[in-house]
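These notes concern the structure reproduced below.
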Amino acid sequence: MHRRHLLTTAFLLTLGAPRLTLTESGAPATLTVFAAASLSDAFKELGTLLEQREPGLSVRFSFAGSQQLALQLQQGADADVFASADQRWMGVVTDSGLVAGESHLFARNRLVVIVPASNPARIDRLEDLVRRGTKLILAAEAVPVGKYSREVLDKLSTAPGFPADFTKRVQANVVSQEDNVKAIVGKVQLGEADAGIVYRSDVTPAVARMVHVLEIPDSYNVLASYPIAVLKSSRNASRAQAFVDLVLSPEGQVVLKKYGLIPAGASAPAGAGT
Amino acid sequence: MTGVRVPVRQLALRSGVGILLGMLLILLALPLLSVLLRVTPATLIDRLHQPVVIQALKLSLIASAAATLVVVLLGLPAAYLLATRRFPGKRVVEVLVDLPMVLPPTVAGFALLLAFGRAGLAGHVLHWFGVSLPFTTLGVVVAQVFMAIPFFISPARAGLASVERRYLDAASTLRASEAYTFFHVMLPLSLPSLLAGTAMAWARALGEFGATITFAGNLPGVTQTMPLAVYVEMQNDLDSAVALSVLLLVMSFTLLVGLRYAPGGLFWKADASGDAR
């Protein structure tokens, strides 16, 4: 009896433990932004910008594949803002009833093929990707960039000069399916892979020194759409909104552009839930 | 009043310990239970037939078996020398063989990439021999060996060191060679520790995640072992992730119970952890 009581007490204690929170009125506030890995550099700068404007505010980021972040949010992770690299995962989060208001499209991105500066497999044109034994890294299909990459390969299969089985042959060269775009950048930078498909914005100045970029023509490229939204779980909604506003503002768009993203222009609703 | 104080304090202490123990048990048992309760047995059996699950299971069994073999092959001589000899640089060797136990696996994977990757320090040598590790099953095995080796060497060394001096003296009086003494005296006497170390190393290899995904990458059928598949399927098909988790859980649990309660006291007991018998 006695022992059972103890266990019950312990269990109730854990359940009833107060959540440690910082309220809106609390002096040092923290804003947590869940953002697609491809936004890392641009968002860090925007975060610093907001911190300078709002003394006492600290913005912290969790950068990962959008699918990973969406899953964490579904499992109850606390965050104030979610920025996804595609509509699909924003839709999942919206459908789970986690978004406050609606999401807004704030940027677009293009895909490029990167090869190590030493170019070990001598990939000079996109057609070279079909060469047998080429070590190509893509993101897994669940990752936005992984899905976009496969769409681009399908489109290229219809391009003049490309074999009809282009997708199949290129997919046969895939040696790894990474769980976020930065992992692809890392392995190509190191020269371990012969090529990878990433976003234009991933070729930051630091990365550009280590890789060559093969452009994918616009007509065969995919325009990745980035929606952003304030989350219902936010305990600091006004500041979360301030971050979203900054991202959507002309000033924020300039920062995004600086890091290779394409400004979305007007802050049109992204049509959440699609 | 003074007569009451002691029991009250004792009671408080006891309930304090009880609450802490309860919290620990909840922390440990609840996640395991949650995995088991997540899907119905029917869904579970259905998911166990999914290609992604079967591929990962097959790869995990093959890679971890190979890794365990290499671990024993490389680890046994090291454990023997560490248990029986004094030599210059022994301290360095001791730290080195223990290092993977405390090293974050992603750091290990990254370091392996910088060393044995194509562009790595030793990569050119490997390339010359026609060996490529990143993105291959062989790379998975290397990552697993790296992470698992201390789990074999520690108990193996302790087991070998605990063989009583008088048996060895008797053997040498009978003019048995060192090799003969090792195989016919030390090995049988320390077998429980060696087997326990082998089992622990196998479990570690089976569960390896961070070093594998960093060093070897993630491709179904080639480098996507069960832990990697759990991670990827979590974002894809939750039920498959649960099925794989249950499978891993059952394997680890069986191993642990086997270690504890093997018939005939074949394996070491937790309290006589090989270093003192």
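Residue numbers start at 1 in each chain; chains themselves are named A, B, ... in the order of the structure tokens; ligands are numbered from 1 in the order shown.
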
Contacts between chain A and chain B, please, where a residue of chain B counts if it comes within 8 Å (with only C-alpha atoms); show its shortest atom pair and distance in Å to one decimal, rows by chain and ascending number, as CSV.
```
residue,atom,partner,partner_atom,distance
B:Ser15,CA,A:Leu6,CA,6.6
B:Gly18,CA,A:Leu6,CA,6.1
B:Ile19,CA,A:Ala10,CA,5.0
B:Leu20,CA,A:Ala10,CA,7.5
B:Gly22,CA,A:Leu7,CA,5.4
B:Met23,CA,A:Ala10,CA,6.0
B:Ile26,CA,A:Phe11,CA,7.6
B:Gly117,CA,A:Glu192,CA,6.3
B:Arg118,CA,A:Glu192,CA,5.5
B:Ala119,CA,A:Gly191,CA,5.8
B:Pro134,CA,A:Glu192,CA,7.3
B:Phe135,CA,A:Val175,CA,5.7
B:Gly217,CA,A:Ser176,CA,5.2
B:Asn218,CA,A:Ser176,CA,4.8
B:Leu219,CA,A:Ser176,CA,4.9
B:Val232,CA,A:Asp179,CA,7.4
B:Gln235,CA,A:Gln67,CA,6.2
B:Asn236,CA,A:Ala142,CA,6.4
```

Go ahead and write the residues just picked, C-alpha atoms, as a compact mmCIF listing (two decimals), in the first residue's frame.
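Final output, saved to part_39.txt:
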```
# COMPACT_ATOMS: atom_id res chain seq x y z
CA SER B 15 9.52 8.71 0.67
CA GLY B 18 10.78 6.41 -3.31
CA ILE B 19 9.66 9.46 -5.27
CA LEU B 20 13.01 9.75 -7.01
CA GLY B 22 9.40 6.43 -9.17
CA MET B 23 10.44 9.32 -11.39
CA ILE B 26 8.63 6.53 -15.30
CA GLY B 117 36.82 9.69 -46.77
CA ARG B 118 37.81 10.01 -50.39
CA ALA B 119 39.37 13.41 -49.75
CA PRO B 134 31.73 6.63 -47.50
CA PHE B 135 28.35 5.63 -48.91
CA GLY B 217 25.30 8.34 -45.44
CA ASN B 218 21.78 7.04 -45.75
CA LEU B 219 20.63 4.82 -48.61
CA VAL B 232 13.82 8.61 -41.71
CA GLN B 235 9.10 11.68 -41.16
CA ASN B 236 7.50 9.38 -43.66
```

Near segment 242-249 of chain B, counting only C-alpha atoms, which residues have an atom at most 7 Å away, once you skip same-chain residues fewer than 4 positions from it, shown as a list in words?
->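 In the requested format, the answer is Val35, Leu36, Leu44, Arg47, Leu48, Val53, Met226, Val230, Leu238 and Phe253 of chain B.
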
Excluding same-chain residues fewer than 3 positions from Phe243 of chain A, what lies within 8 Å of it counting only C-alpha atoms, as a PyMOL selection string?
-> chain A and resi 47+50+239-240+246-247

Keeping C-alpha atoms, export the residues of the selection given above as a PDB file, in the first residue's frame.
```pdb
ATOM      1  CA  GLY A  47      17.170  37.561 -36.013  1.00  0.00           C
ATOM      2  CA  LEU A  50      15.185  42.148 -34.619  1.00  0.00           C
ATOM      3  CA  ARG A 239       6.917  39.623 -31.057  1.00  0.00           C
ATOM      4  CA  ALA A 240       6.442  36.546 -33.198  1.00  0.00           C
ATOM      5  CA  LEU A 246      10.325  41.907 -40.616  1.00  0.00           C
ATOM      6  CA  VAL A 247      10.759  38.925 -42.955  1.00  0.00           C
TER       7      VAL A 247
END
```

Can you pull out the residues contacting segment 184-196 of chain B? Cut-off 10 Å, using only C-alpha atoms, and skip same-chain residues under 4 positions away; I want them as a tab-separated table (two decimals) with all heavy atoms, in the first residue's frame.
```
chain	number	residue	atom	x	y	z
B	72	VAL	N	36.12	-8.20	-32.19
B	72	VAL	CA	36.77	-9.26	-31.41
B	72	VAL	C	38.18	-9.51	-31.94
B	72	VAL	O	39.14	-9.64	-31.18
B	72	VAL	CB	35.93	-10.55	-31.46
B	72	VAL	CG1	36.67	-11.70	-30.79
B	72	VAL	CG2	34.58	-10.32	-30.77
B	76	LEU	N	40.72	-8.38	-29.11
B	76	LEU	CA	41.24	-9.41	-28.20
B	76	LEU	C	42.75	-9.27	-27.94
B	76	LEU	O	43.17	-9.28	-26.78
B	76	LEU	CB	40.89	-10.81	-28.74
B	76	LEU	CG	41.05	-11.97	-27.77
B	76	LEU	CD1	40.26	-11.70	-26.48
B	76	LEU	CD2	40.60	-13.28	-28.39
B	79	ALA	N	43.18	-6.27	-25.72
B	79	ALA	CA	42.74	-6.54	-24.35
B	79	ALA	C	43.76	-7.41	-23.62
B	79	ALA	O	44.07	-7.18	-22.45
B	79	ALA	CB	41.38	-7.22	-24.37
B	80	TYR	N	44.32	-8.39	-24.33
B	80	TYR	CA	45.31	-9.29	-23.74
B	80	TYR	C	46.56	-8.53	-23.30
B	80	TYR	O	47.05	-8.67	-22.18
B	80	TYR	CB	45.67	-10.39	-24.74
B	80	TYR	CG	46.74	-11.33	-24.25
B	80	TYR	CD1	46.46	-12.26	-23.24
B	80	TYR	CD2	48.03	-11.28	-24.77
B	80	TYR	CE1	47.44	-13.12	-22.77
B	80	TYR	CE2	49.02	-12.13	-24.30
B	80	TYR	CZ	48.72	-13.05	-23.30
B	80	TYR	OH	49.69	-13.89	-22.83
B	151	PHE	N	33.41	-1.25	-25.89
B	151	PHE	CA	32.44	-2.08	-25.18
B	151	PHE	C	32.89	-3.53	-25.12
B	151	PHE	O	32.44	-4.30	-24.28
B	151	PHE	CB	31.06	-1.98	-25.84
B	151	PHE	CG	30.43	-0.64	-25.63
B	151	PHE	CD1	30.77	0.43	-26.45
B	151	PHE	CD2	29.55	-0.43	-24.59
B	151	PHE	CE1	30.22	1.68	-26.24
B	151	PHE	CE2	28.99	0.82	-24.37
B	151	PHE	CZ	29.33	1.88	-25.20
B	152	PHE	N	33.81	-3.92	-26.02
B	152	PHE	CA	34.39	-5.25	-25.93
B	152	PHE	C	35.67	-5.24	-25.10
B	152	PHE	O	35.85	-6.07	-24.20
B	152	PHE	CB	34.69	-5.81	-27.33
B	152	PHE	CG	35.45	-7.11	-27.28
B	152	PHE	CD1	34.79	-8.29	-26.96
B	152	PHE	CD2	36.82	-7.15	-27.52
B	152	PHE	CE1	35.49	-9.49	-26.88
B	152	PHE	CE2	37.52	-8.34	-27.44
B	152	PHE	CZ	36.85	-9.52	-27.13
B	153	ILE	N	36.53	-4.27	-25.40
B	153	ILE	CA	37.86	-4.28	-24.78
B	153	ILE	C	37.78	-4.17	-23.25
B	153	ILE	O	38.47	-4.90	-22.53
B	153	ILE	CB	38.77	-3.18	-25.38
B	153	ILE	CG1	39.13	-3.57	-26.81
B	153	ILE	CG2	40.04	-3.00	-24.55
B	153	ILE	CD1	40.13	-2.66	-27.47
B	154	SER	N	36.91	-3.29	-22.75
B	154	SER	CA	36.85	-3.09	-21.30
B	154	SER	C	36.56	-4.38	-20.53
B	154	SER	O	37.36	-4.78	-19.68
B	154	SER	CB	35.82	-2.03	-20.94
B	154	SER	OG	36.39	-0.78	-21.10
B	155	PRO	N	35.43	-5.05	-20.79
B	155	PRO	CA	35.16	-6.29	-20.05
B	155	PRO	C	36.16	-7.39	-20.39
B	155	PRO	O	36.53	-8.18	-19.51
B	155	PRO	CB	33.75	-6.69	-20.47
B	155	PRO	CG	33.39	-5.85	-21.62
B	155	PRO	CD	34.29	-4.67	-21.65
B	156	ALA	N	36.62	-7.44	-21.63
B	156	ALA	CA	37.57	-8.49	-22.02
B	156	ALA	C	38.87	-8.34	-21.23
B	156	ALA	O	39.41	-9.31	-20.68
B	156	ALA	CB	37.84	-8.42	-23.52
B	157	ARG	N	39.32	-7.10	-21.15
B	157	ARG	CA	40.55	-6.83	-20.42
B	157	ARG	C	40.39	-7.19	-18.94
B	157	ARG	O	41.24	-7.86	-18.33
B	157	ARG	CB	40.90	-5.36	-20.56
B	157	ARG	CG	42.12	-4.98	-19.80
B	157	ARG	CD	42.25	-3.48	-19.76
B	157	ARG	NE	43.37	-3.13	-18.90
B	157	ARG	CZ	43.76	-1.89	-18.69
B	157	ARG	NH1	43.13	-0.90	-19.28
B	157	ARG	NH2	44.78	-1.66	-17.90
B	158	ALA	N	39.27	-6.77	-18.38
B	158	ALA	CA	39.02	-7.06	-16.97
B	158	ALA	C	38.96	-8.56	-16.73
B	158	ALA	O	39.51	-9.08	-15.76
B	158	ALA	CB	37.72	-6.40	-16.53
B	159	GLY	N	38.31	-9.27	-17.64
B	159	GLY	CA	38.19	-10.73	-17.52
B	159	GLY	C	39.54	-11.42	-17.60
B	159	GLY	O	39.87	-12.28	-16.77
B	160	LEU	N	40.34	-10.99	-18.55
B	160	LEU	CA	41.66	-11.61	-18.71
B	160	LEU	C	42.56	-11.30	-17.51
B	160	LEU	O	43.33	-12.14	-17.06
B	160	LEU	CB	42.32	-11.11	-20.00
B	160	LEU	CG	41.68	-11.61	-21.30
B	160	LEU	CD1	42.21	-10.84	-22.50
B	160	LEU	CD2	41.92	-13.11	-21.48
B	161	ALA	N	42.43	-10.09	-16.98
B	161	ALA	CA	43.27	-9.69	-15.86
B	161	ALA	C	42.89	-10.41	-14.58
B	161	ALA	O	43.69	-10.54	-13.66
B	161	ALA	CB	43.18	-8.17	-15.66
B	162	SER	N	41.64	-10.90	-14.54
B	162	SER	CA	41.18	-11.50	-13.29
B	162	SER	C	41.51	-12.99	-13.19
B	162	SER	O	41.21	-13.62	-12.18
B	162	SER	CB	39.68	-11.29	-13.16
B	162	SER	OG	39.01	-12.10	-14.09
B	163	VAL	N	42.10	-13.53	-14.25
B	163	VAL	CA	42.51	-14.94	-14.17
B	163	VAL	C	43.61	-15.05	-13.12
B	163	VAL	O	44.59	-14.32	-13.15
B	163	VAL	CB	43.04	-15.43	-15.54
B	163	VAL	CG1	43.62	-16.82	-15.41
B	163	VAL	CG2	41.91	-15.41	-16.56
B	164	GLU	N	43.41	-15.96	-12.18
B	164	GLU	CA	44.31	-15.97	-11.03
B	164	GLU	C	45.73	-16.37	-11.40
B	164	GLU	O	45.97	-17.26	-12.20
B	164	GLU	CB	43.75	-16.92	-9.96
B	164	GLU	CG	42.65	-16.24	-9.17
B	164	GLU	CD	42.11	-17.14	-8.08
B	164	GLU	OE1	42.93	-17.78	-7.41
B	164	GLU	OE2	40.88	-17.20	-7.93
B	167	TYR	N	47.18	-20.05	-11.58
B	167	TYR	CA	46.94	-20.91	-12.75
B	167	TYR	C	48.00	-20.67	-13.80
B	167	TYR	O	48.48	-21.58	-14.45
B	167	TYR	CB	45.56	-20.62	-13.35
B	167	TYR	CG	44.43	-20.98	-12.43
B	167	TYR	CD1	43.43	-20.08	-12.15
B	167	TYR	CD2	44.37	-22.26	-11.85
B	167	TYR	CE1	42.38	-20.39	-11.30
B	167	TYR	CE2	43.33	-22.59	-11.00
B	167	TYR	CZ	42.34	-21.65	-10.72
B	167	TYR	OH	41.31	-21.97	-9.89
B	168	LEU	N	48.35	-19.38	-13.98
B	168	LEU	CA	49.34	-19.03	-14.98
B	168	LEU	C	50.71	-19.55	-14.56
B	168	LEU	O	51.48	-20.06	-15.38
B	168	LEU	CB	49.39	-17.51	-15.17
B	168	LEU	CG	48.05	-16.87	-15.55
B	168	LEU	CD1	48.20	-15.37	-15.73
B	168	LEU	CD2	47.50	-17.51	-16.81
B	171	ALA	N	50.87	-23.18	-15.19
B	171	ALA	CA	51.06	-23.45	-16.61
B	171	ALA	C	52.51	-23.27	-17.00
B	171	ALA	O	53.09	-24.09	-17.72
B	171	ALA	CB	50.16	-22.53	-17.43
B	176	ALA	N	54.30	-24.67	-20.39
B	176	ALA	CA	53.36	-24.35	-21.47
B	176	ALA	C	53.80	-23.05	-22.10
B	176	ALA	O	54.25	-22.14	-21.39
B	176	ALA	CB	51.96	-24.21	-20.91
B	178	GLU	N	53.31	-19.38	-24.07
B	178	GLU	CA	52.37	-18.30	-23.77
B	178	GLU	C	51.08	-18.50	-24.57
B	178	GLU	O	49.97	-18.32	-24.06
B	178	GLU	CB	53.00	-16.95	-24.10
B	178	GLU	CG	52.12	-15.81	-23.63
B	178	GLU	CD	52.73	-14.43	-23.87
B	178	GLU	OE1	53.89	-14.36	-24.33
B	178	GLU	OE2	52.05	-13.44	-23.61
B	179	ALA	N	51.25	-18.92	-25.82
B	179	ALA	CA	50.09	-19.11	-26.67
B	179	ALA	C	49.22	-20.24	-26.11
B	179	ALA	O	48.00	-20.13	-26.04
B	179	ALA	CB	50.52	-19.44	-28.10
B	180	TYR	N	49.87	-21.33	-25.69
B	180	TYR	CA	49.13	-22.47	-25.14
B	180	TYR	C	48.38	-22.05	-23.88
B	180	TYR	O	47.19	-22.36	-23.71
B	180	TYR	CB	50.10	-23.62	-24.83
B	180	TYR	CG	49.37	-24.89	-24.40
B	180	TYR	CD1	49.02	-25.86	-25.35
B	180	TYR	CD2	49.03	-25.10	-23.07
B	180	TYR	CE1	48.34	-27.00	-24.97
B	180	TYR	CE2	48.35	-26.24	-22.68
B	180	TYR	CZ	48.00	-27.20	-23.62
B	180	TYR	OH	47.33	-28.32	-23.27
B	200	MET	N	27.83	-6.91	-25.73
B	200	MET	CA	27.67	-5.46	-25.57
B	200	MET	C	28.13	-4.72	-26.83
B	200	MET	O	27.49	-3.77	-27.27
B	200	MET	CB	28.49	-4.96	-24.37
B	200	MET	CG	27.99	-5.42	-23.02
B	200	MET	SD	26.26	-5.03	-22.74
B	200	MET	CE	26.36	-3.27	-22.48
B	201	ALA	N	29.24	-5.18	-27.41
B	201	ALA	CA	29.75	-4.55	-28.63
B	201	ALA	C	28.73	-4.73	-29.76
B	201	ALA	O	28.48	-3.81	-30.54
B	201	ALA	CB	31.09	-5.17	-29.02
B	202	TRP	N	28.12	-5.90	-29.82
B	202	TRP	CA	27.14	-6.15	-30.87
B	202	TRP	C	25.95	-5.22	-30.70
B	202	TRP	O	25.46	-4.62	-31.67
B	202	TRP	CB	26.69	-7.62	-30.84
B	202	TRP	CG	25.65	-7.91	-31.86
B	202	TRP	CD1	25.83	-7.93	-33.21
B	202	TRP	CD2	24.26	-8.16	-31.62
B	202	TRP	NE1	24.63	-8.19	-33.83
B	202	TRP	CE2	23.65	-8.33	-32.89
B	202	TRP	CE3	23.48	-8.26	-30.47
B	202	TRP	CZ2	22.30	-8.60	-33.02
B	202	TRP	CZ3	22.13	-8.52	-30.61
B	202	TRP	CH2	21.55	-8.69	-31.87
B	255	LEU	N	18.76	-9.53	-25.58
B	255	LEU	CA	20.19	-9.58	-25.32
B	255	LEU	C	20.48	-9.35	-23.84
B	255	LEU	O	21.24	-10.10	-23.20
B	255	LEU	CB	20.88	-8.52	-26.15
B	255	LEU	CG	22.39	-8.47	-26.00
B	255	LEU	CD1	23.01	-9.53	-26.89
B	255	LEU	CD2	22.93	-7.11	-26.35
B	256	LEU	N	19.84	-8.34	-23.29
B	256	LEU	CA	20.08	-7.97	-21.90
B	256	LEU	C	19.64	-9.10	-20.96
B	256	LEU	O	20.37	-9.49	-20.04
B	256	LEU	CB	19.31	-6.69	-21.58
B	256	LEU	CG	19.86	-5.85	-20.46
B	256	LEU	CD1	21.27	-5.41	-20.80
B	256	LEU	CD2	18.99	-4.64	-20.23
B	258	GLY	N	19.28	-12.18	-21.75
B	258	GLY	CA	20.18	-13.30	-22.01
B	258	GLY	C	21.46	-13.17	-21.21
B	258	GLY	O	21.96	-14.12	-20.60
B	259	LEU	N	21.99	-11.94	-21.17
B	259	LEU	CA	23.23	-11.69	-20.44
B	259	LEU	C	23.05	-11.95	-18.95
B	259	LEU	O	23.93	-12.51	-18.29
B	259	LEU	CB	23.63	-10.23	-20.63
B	259	LEU	CG	24.47	-9.90	-21.85
B	259	LEU	CD1	24.79	-8.43	-21.87
B	259	LEU	CD2	25.74	-10.71	-21.84
B	260	ARG	N	21.90	-11.52	-18.44
B	260	ARG	CA	21.66	-11.62	-17.02
B	260	ARG	C	21.37	-13.04	-16.54
B	260	ARG	O	21.86	-13.49	-15.54
B	260	ARG	CB	20.44	-10.75	-16.65
B	260	ARG	CG	20.74	-9.35	-16.31
B	260	ARG	CD	21.50	-9.26	-15.00
B	260	ARG	NE	22.35	-8.09	-15.01
B	260	ARG	CZ	21.92	-6.87	-14.76
B	260	ARG	NH1	20.68	-6.67	-14.45
B	260	ARG	NH2	22.74	-5.86	-14.80
B	265	GLY	N	25.13	-19.91	-15.63
B	265	GLY	CA	26.00	-18.79	-15.27
B	265	GLY	C	27.08	-18.56	-16.30
B	265	GLY	O	28.21	-18.21	-15.98
B	266	LEU	N	26.71	-18.76	-17.58
B	266	LEU	CA	27.69	-18.61	-18.64
B	266	LEU	C	28.19	-17.16	-18.69
B	266	LEU	O	29.37	-16.89	-18.83
B	266	LEU	CB	27.03	-18.98	-19.98
B	266	LEU	CG	27.93	-18.85	-21.20
B	266	LEU	CD1	29.08	-19.83	-21.13
B	266	LEU	CD2	27.13	-19.05	-22.47
B	267	PHE	N	27.22	-16.23	-18.56
B	267	PHE	CA	27.61	-14.83	-18.63
B	267	PHE	C	27.88	-14.28	-17.25
B	267	PHE	O	27.39	-14.77	-16.25
B	267	PHE	CB	26.49	-14.03	-19.30
B	267	PHE	CG	26.35	-14.37	-20.75
B	267	PHE	CD1	25.28	-15.14	-21.18
B	267	PHE	CD2	27.29	-13.96	-21.66
B	267	PHE	CE1	25.15	-15.45	-22.52
B	267	PHE	CE2	27.16	-14.28	-22.99
B	267	PHE	CZ	26.09	-15.03	-23.41
B	268	TRP	N	28.64	-13.20	-17.27
B	268	TRP	CA	28.97	-12.57	-15.99
B	268	TRP	C	27.74	-12.03	-15.29
B	268	TRP	O	26.75	-11.69	-15.90
B	268	TRP	CB	30.01	-11.47	-16.19
B	268	TRP	CG	29.53	-10.30	-17.01
B	268	TRP	CD1	28.35	-10.20	-17.71
B	268	TRP	CD2	30.22	-9.08	-17.20
B	268	TRP	NE1	28.29	-9.00	-18.33
B	268	TRP	CE2	29.41	-8.29	-18.04
B	268	TRP	CE3	31.44	-8.58	-16.73
B	268	TRP	CZ2	29.80	-7.02	-18.42
B	268	TRP	CZ3	31.81	-7.32	-17.13
B	268	TRP	CH2	31.00	-6.56	-17.96
B	269	LYS	N	27.83	-11.99	-13.98
B	269	LYS	CA	26.75	-11.38	-13.21
B	269	LYS	C	27.07	-9.90	-13.04
B	269	LYS	O	28.23	-9.50	-13.03
B	269	LYS	CB	26.65	-12.05	-11.83
B	269	LYS	CG	26.27	-13.51	-11.91
B	269	LYS	CD	24.80	-13.67	-12.26
B	269	LYS	CE	24.36	-15.11	-12.17
B	269	LYS	NZ	24.90	-15.91	-13.27
B	273	SER	N	31.42	-7.87	-11.91
B	273	SER	CA	31.55	-7.36	-13.27
B	273	SER	C	32.91	-7.68	-13.90
B	273	SER	O	33.53	-6.85	-14.51
B	273	SER	CB	31.31	-5.86	-13.28
B	273	SER	OG	32.08	-5.27	-12.26
B	274	GLY	N	33.35	-8.88	-13.74
B	274	GLY	CA	34.50	-9.34	-14.49
B	274	GLY	C	35.84	-8.96	-13.88
B	274	GLY	O	36.81	-9.65	-14.09
B	275	ASP	N	35.87	-7.90	-13.08
B	275	ASP	CA	37.18	-7.48	-12.59
B	275	ASP	C	37.52	-8.13	-11.23
B	275	ASP	O	38.65	-8.10	-10.80
B	275	ASP	CB	37.28	-5.96	-12.49
B	275	ASP	CG	36.07	-5.33	-11.84
B	275	ASP	OD1	35.28	-6.08	-11.23
B	275	ASP	OD2	35.91	-4.12	-11.96
```

For Ala216 of chain B, list every protein, DNA or RNA residue within 10 Å, evaluated using only C-alpha atoms, and leave out those in the same chain fewer than 4 positions away; present the list as a list in words.
->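 What passes the distance filter is Val175 and Ser176 of chain A; Gly109, Phe110, Leu112, Leu113, Gly117, Leu133, Pro134, Phe135, Thr136, Thr137, Leu138, Gly139, Val140, Val141, Val142, Ala143, Gly210, Ala211, Thr212, Val222, Thr223 and Gln224 of chain B.
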
Could you please write out, as a JSON list (two decimals) with C-alpha atoms, in the first residue's frame, every residue of segment 75-256 of chain A that DSSP assigns to strand (DSSP E or B)?
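Okay, this is what ended up in out-v5.json:
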```json
[["chain", "number", "residue", "atom", "x", "y", "z"],
["A", 81, "VAL", "CA", 7.24, 30.95, -35.73],
["A", 82, "PHE", "CA", 7.46, 28.26, -38.40],
["A", 83, "ALA", "CA", 9.04, 28.87, -41.81],
["A", 99, "VAL", "CA", -1.06, 27.95, -37.05],
["A", 100, "ALA", "CA", -2.42, 31.25, -35.73],
["A", 101, "GLY", "CA", -4.02, 33.22, -38.55],
["A", 102, "GLU", "CA", -2.65, 32.29, -41.92],
["A", 103, "SER", "CA", 0.71, 31.66, -43.49],
["A", 104, "HIS", "CA", 2.39, 34.09, -45.86],
["A", 105, "LEU", "CA", 4.62, 33.38, -48.80],
["A", 106, "PHE", "CA", 7.85, 35.28, -48.20],
["A", 107, "ALA", "CA", 10.48, 33.89, -50.55],
["A", 108, "ARG", "CA", 11.22, 31.59, -53.42],
["A", 109, "ASN", "CA", 14.27, 29.58, -54.22],
["A", 111, "LEU", "CA", 17.71, 24.61, -57.38],
["A", 112, "VAL", "CA", 21.29, 24.24, -58.57],
["A", 113, "VAL", "CA", 23.69, 21.35, -58.93],
["A", 114, "ILE", "CA", 26.91, 21.73, -56.98],
["A", 115, "VAL", "CA", 30.14, 19.80, -57.49],
["A", 116, "PRO", "CA", 33.33, 19.98, -55.40],
["A", 136, "LEU", "CA", 25.27, 11.95, -56.38],
["A", 137, "ILE", "CA", 23.60, 13.01, -53.14],
["A", 138, "LEU", "CA", 19.98, 14.05, -52.94],
["A", 139, "ALA", "CA", 17.78, 14.82, -49.99],
["A", 174, "VAL", "CA", 22.34, 8.38, -55.78],
["A", 175, "VAL", "CA", 24.65, 7.23, -52.99],
["A", 176, "SER", "CA", 22.89, 8.87, -50.07],
["A", 177, "GLN", "CA", 19.59, 10.47, -49.16],
["A", 178, "GLU", "CA", 20.28, 13.16, -46.61],
["A", 195, "ALA", "CA", 27.55, 16.20, -57.04],
["A", 196, "GLY", "CA", 24.52, 17.28, -55.09],
["A", 197, "ILE", "CA", 21.29, 19.15, -55.76],
["A", 198, "VAL", "CA", 20.71, 22.06, -53.39],
["A", 199, "TYR", "CA", 19.09, 25.48, -53.31],
["A", 211, "VAL", "CA", 32.19, 24.21, -54.96],
["A", 212, "HIS", "CA", 31.31, 24.82, -58.59],
["A", 213, "VAL", "CA", 27.73, 25.61, -59.47],
["A", 214, "LEU", "CA", 25.89, 24.17, -62.46],
["A", 215, "GLU", "CA", 22.80, 26.21, -63.17],
["A", 224, "ALA", "CA", 10.47, 26.47, -54.17],
["A", 225, "SER", "CA", 7.93, 28.50, -52.18],
["A", 226, "TYR", "CA", 8.62, 29.43, -48.58],
["A", 227, "PRO", "CA", 5.63, 30.14, -46.33],
["A", 228, "ILE", "CA", 5.94, 31.56, -42.81],
["A", 229, "ALA", "CA", 3.41, 31.69, -39.99],
["A", 230, "VAL", "CA", 2.98, 32.58, -36.33],
["A", 231, "LEU", "CA", 2.11, 29.52, -34.27]]
```

Could you give me, as a PyMOL selection string, each residue of segment 137-243 of chain A that DSSP assigns to alpha helix (DSSP H) when run on this structure's backbone?
-> chain A and resi 144-156+166-172+181-189+205-208+237-243

Provide the atom CA of Asp169 of chain B to atom CA of Leu82 of chain B distance in Å, to one decimal place.
->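 Separating atom CA of Asp169 of chain B from atom CA of Leu82 of chain B is a distance of 18.9 Å.
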
Between atom CA of Tyr231 of chain B and atom CA of Arg132 of chain A - distance in Å to one decimal = 29.4 Å

Can you list, as JSON, numbers by chain, every protein, DNA or RNA residue that comes within 12 Å of Arg169 of chain A when you count only C-alpha atoms, leaving out same-chain residues fewer than 6 positions away?
-> {"A": [127, 128, 129, 130, 131, 132, 133, 134, 136, 153, 154, 157, 162, 163]}

One-decimal distance in Å that lies between atom CA of Ser34 of chain B and atom CA of Ser240 of chain B = 14.9 Å
